[in-house]
Amino acid sequence: MGELMAQQKATAARRGWIAVAGWVGTVWALVGGHLFLGLAGVGLAIFLTRRWFQYRAQWGMRF
């Protein structure tokens, strides 16, 4: 049972870091002056953050 929870935590952590990377890339694009790329990045970052949040909520993990 502990192995399954460890795998879920690892998956949640990986998805969280991917979401953070999406936000960092979005900010980087906006600061660099790429408005269209930045706006597309906002949508992608919101999607990744929502996916991470839903995964944690589905498994009953604390934040």
# chains A, B, ... in the order shown; residues from 1 in each chain; ligands from 1
call {"tool": "residues_around", "arguments": {"residues": "Tyr55 of chain A", "least_positions_apart": "6", "cutoff": "12 Å", "atoms": "only C-alpha atoms", "output": "ChimeraX atom specification"}}
result
/A:8-16,48-49,61-63
call {"tool": "closest_residue", "arguments": {"among": "A:Ala19, A:Ala29, A:Leu37, A:Val24", "to": "Arg50 of chain A", "atoms": "only C-alpha atoms"}}
result
A:Ala19
call {"tool": "residues_around", "arguments": {"residues": "Ala45 of chain A", "least_positions_apart": "3", "cutoff": "10 Å", "atoms": "only C-alpha atoms", "output": "ChimeraX atom specification"}}
result
/A:18-26,39-42,48-51
call {"tool": "atom_distance", "arguments": {"atom1": "atom CA of Gly32 of chain A", "atom2": "atom CA of Leu44 of chain A"}}
result
17.7 Å
call {"tool": "decode", "arguments": {"residues": "segment 46-60 of chain A", "atoms": "N, CA and C atoms", "output": "mmCIF file, in the first residue's frame"}}
result
data_model
loop_
_atom_site.group_PDB
_atom_site.id
_atom_site.type_symbol
_atom_site.label_atom_id
_atom_site.label_comp_id
_atom_site.auth_asym_id
_atom_site.auth_seq_id
_atom_site.Cartn_x
_atom_site.Cartn_y
_atom_site.Cartn_z
ATOM 1 N N ILE A 46 -2.349 27.276 -17.361
ATOM 2 C CA ILE A 46 -3.594 27.079 -16.622
ATOM 3 C C ILE A 46 -4.049 25.624 -16.748
ATOM 4 N N PHE A 47 -3.956 25.069 -17.938
ATOM 5 C CA PHE A 47 -4.327 23.674 -18.146
ATOM 6 C C PHE A 47 -3.475 22.740 -17.290
ATOM 7 N N LEU A 48 -2.159 22.952 -17.288
ATOM 8 C CA LEU A 48 -1.260 22.091 -16.521
ATOM 9 C C LEU A 48 -1.489 22.228 -15.018
ATOM 10 N N THR A 49 -1.750 23.447 -14.565
ATOM 11 C CA THR A 49 -2.020 23.660 -13.146
ATOM 12 C C THR A 49 -3.329 22.991 -12.743
ATOM 13 N N ARG A 50 -4.329 23.100 -13.586
ATOM 14 C CA ARG A 50 -5.622 22.465 -13.296
ATOM 15 C C ARG A 50 -5.477 20.947 -13.261
ATOM 16 N N ARG A 51 -4.687 20.402 -14.165
ATOM 17 C CA ARG A 51 -4.469 18.963 -14.211
ATOM 18 C C ARG A 51 -3.764 18.472 -12.943
ATOM 19 N N TRP A 52 -2.771 19.251 -12.480
ATOM 20 C CA TRP A 52 -2.073 18.909 -11.248
ATOM 21 C C TRP A 52 -3.028 18.971 -10.060
ATOM 22 N N PHE A 53 -3.807 20.043 -9.972
ATOM 23 C CA PHE A 53 -4.748 20.213 -8.875
ATOM 24 C C PHE A 53 -5.777 19.085 -8.844
ATOM 25 N N GLN A 54 -6.333 18.731 -9.982
ATOM 26 C CA GLN A 54 -7.329 17.672 -10.042
ATOM 27 C C GLN A 54 -6.734 16.320 -9.659
ATOM 28 N N TYR A 55 -5.493 16.053 -10.036
ATOM 29 C CA TYR A 55 -4.855 14.795 -9.663
ATOM 30 C C TYR A 55 -4.712 14.707 -8.150
ATOM 31 N N ARG A 56 -4.258 15.791 -7.529
ATOM 32 C CA ARG A 56 -4.109 15.790 -6.071
ATOM 33 C C ARG A 56 -5.459 15.659 -5.382
ATOM 34 N N ALA A 57 -6.468 16.334 -5.895
ATOM 35 C CA ALA A 57 -7.794 16.258 -5.289
ATOM 36 C C ALA A 57 -8.402 14.865 -5.467
ATOM 37 N N GLN A 58 -8.163 14.255 -6.604
ATOM 38 C CA GLN A 58 -8.700 12.921 -6.879
ATOM 39 C C GLN A 58 -8.172 11.903 -5.876
ATOM 40 N N TRP A 59 -6.914 12.000 -5.494
ATOM 41 C CA TRP A 59 -6.289 11.054 -4.590
ATOM 42 C C TRP A 59 -6.344 11.516 -3.138
ATOM 43 N N GLY A 60 -6.994 12.647 -2.857
ATOM 44 C CA GLY A 60 -7.168 13.103 -1.490
ATOM 45 C C GLY A 60 -5.881 13.595 -0.850
#
